[in-house]
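In what follows, a single structure is set out as structure tokens and then discussed.
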Amino acid sequence: MEPSRTFVIGDIHGAFRALQQCFERAEFDNDNDMLICLGDVCDSWPEVDKVIDKLLGVKTFVLIEGNHDQWALDWFISGTAQSIWTNQGGDATITSYKEKEIPAAHIEFLQSALPYFVSGNKLFVHGGIIPGIPLEKQDRGIFAWDRSLISSAMILKDSGRERNLTGYDEVYIGHTPTLKYGEKVPVKACEIYMMDTGAGWPDGVLTIMDTNAKETYKSDIMSRIYKGIKGRD
């Protein structure tokens with residue numbers, strides 16, 4: 001059975017309360033709608049465990065691997081917390097699990113993440129890609145970390161010379177917060193939709209989008225949701 005609606009959501013970063021707001025405002029149906037998560041479900045806010053439990057309840061779900069998810073998975077498995085991770089929000093993930101045992105289902109959840117996802121002629125990826133090179137020949141690190149694609153797209157947008165860069169009709173990415181460009185809403189440049197609206201930071205929000213209708217639903221600002229909790233600088 002085909003899902004009723006298909007949604008894409010930007011970087012959640014442990015913001016369970018924001019995720020709940022997005023689901024409620026979009027009237028998301030766990031059983032009948034599809035959700036594609038662009039990665040970075042972990043870090044920044046201390047409710048990562050609740051976020052993963054919530055996403056495990058979505059019947060038709062795709063997780064794209066984010067760089068923060070890679071770091072968190074390393075800690076899940078090894079128990080070693082690297083400072084490069086804890087200094088960038090990883091301490092919140094550790095707090096969310098406190099001293100309880102990490103559920104096997106949560107480890108399997110992160111292990112199931114895909115480097116990218118293609119549906120029709122729409123591409124979903126966390127960071128970006130290198131245009132002109134087949135996806136199967138690109139390094140997995142590119143998909144999780146690249147920012148050159150959105151940089152090129154924004155240069156073209158700002159100069160009024162937008163064109164298709166990738167050959168896909170639509171590309172949805174996370175990783176690069178739209179706060180960088182002064183926005184708390186998804187930003188479209190060329191065929192690329194930037195879906196990370198800064199949920200990892202106190203002045204950002206979390207956004208979910210219906211990929212067909214292009215309707216968006218956002219949470220409250222993080223500093224209001226997590227009042228008294230520091231979050232990332």
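The chains in the structure tokens are called A, B, ... from first to last as shown; in each chain the residues are counted from 1, and the ligands are counted from 1 in the order shown.
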* To do: Fewer than 5 positions away in the same chain doesn't count, so skip those; otherwise give me all residues within 7 Å of A:Ala189, counting only C-alpha atoms, as a PyMOL selection string.
  => chain A and resi 153-154+157
May I have the selected residues written with C-alpha atoms, as a PDB file, in the first residue's frame?
ATOM      1  CA  ALA A 153      23.690  26.560  -5.345  1.00  0.00           C
ATOM      2  CA  MET A 154      23.539  29.619  -3.084  1.00  0.00           C
ATOM      3  CA  LYS A 157      20.782  31.875  -6.388  1.00  0.00           C
TER       4      LYS A 157
END
* Run DSSP on the backbone and give me the residues of stretch 6-230 of chain A it puts in strand (DSSP E or B), as a PyMOL selection string. => chain A and resi 6-9+34-37+60-64+114+116-119+122-125+170-173+187-189+192-194+207-210+216-218
Counting only C-alpha atoms, what are the residues of stretch 55-90 of chain A within 9 Å of stretch 120-128 of chain A, and for each of them which pair of atoms is the nearest and at what distance in Å, to one decimal? Sort the table by chain and rising number, as a Markdown table.
| residue | atom | partner | partner_atom | distance |
| --- | --- | --- | --- | --- |
| A:Ile64 | CA | A:Val125 | CA | 6.4 |
| A:Glu65 | CA | A:His126 | CA | 6.6 |
| A:Gly66 | CA | A:His126 | CA | 5.6 |
| A:Asn67 | CA | A:His126 | CA | 8.2 |
Export of prior selection with C-alpha atoms as a compact mmCIF listing (two decimals), in the first residue's frame:
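Saved as again.txt:
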# COMPACT_ATOMS: atom_id res chain seq x y z
CA ILE A 64 19.74 9.08 6.11
CA GLU A 65 23.08 8.94 7.90
CA GLY A 66 24.29 12.23 9.38
CA ASN A 67 27.75 13.00 10.69
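For the choices A:Tyr226, A:Phe23, A:Tyr172, A:Trp145, the atom-to-atom distance to A:Ser119 is smallest for A:Tyr172 when using only C-alpha atoms.
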* To do: Could you give me, as a PyMOL selection string, the residues within 8 Å of stretch 190-198 of chain A, counting only C-alpha atoms and dropping anything in the same chain fewer than 6 positions from it?
  => chain A and resi 9-11+150+153-154+156-157+162-165+168-179+183-184+204-208
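Going from atom CA of A:Arg147 over to atom CA of A:Lys180, you cover 12.2 Å.
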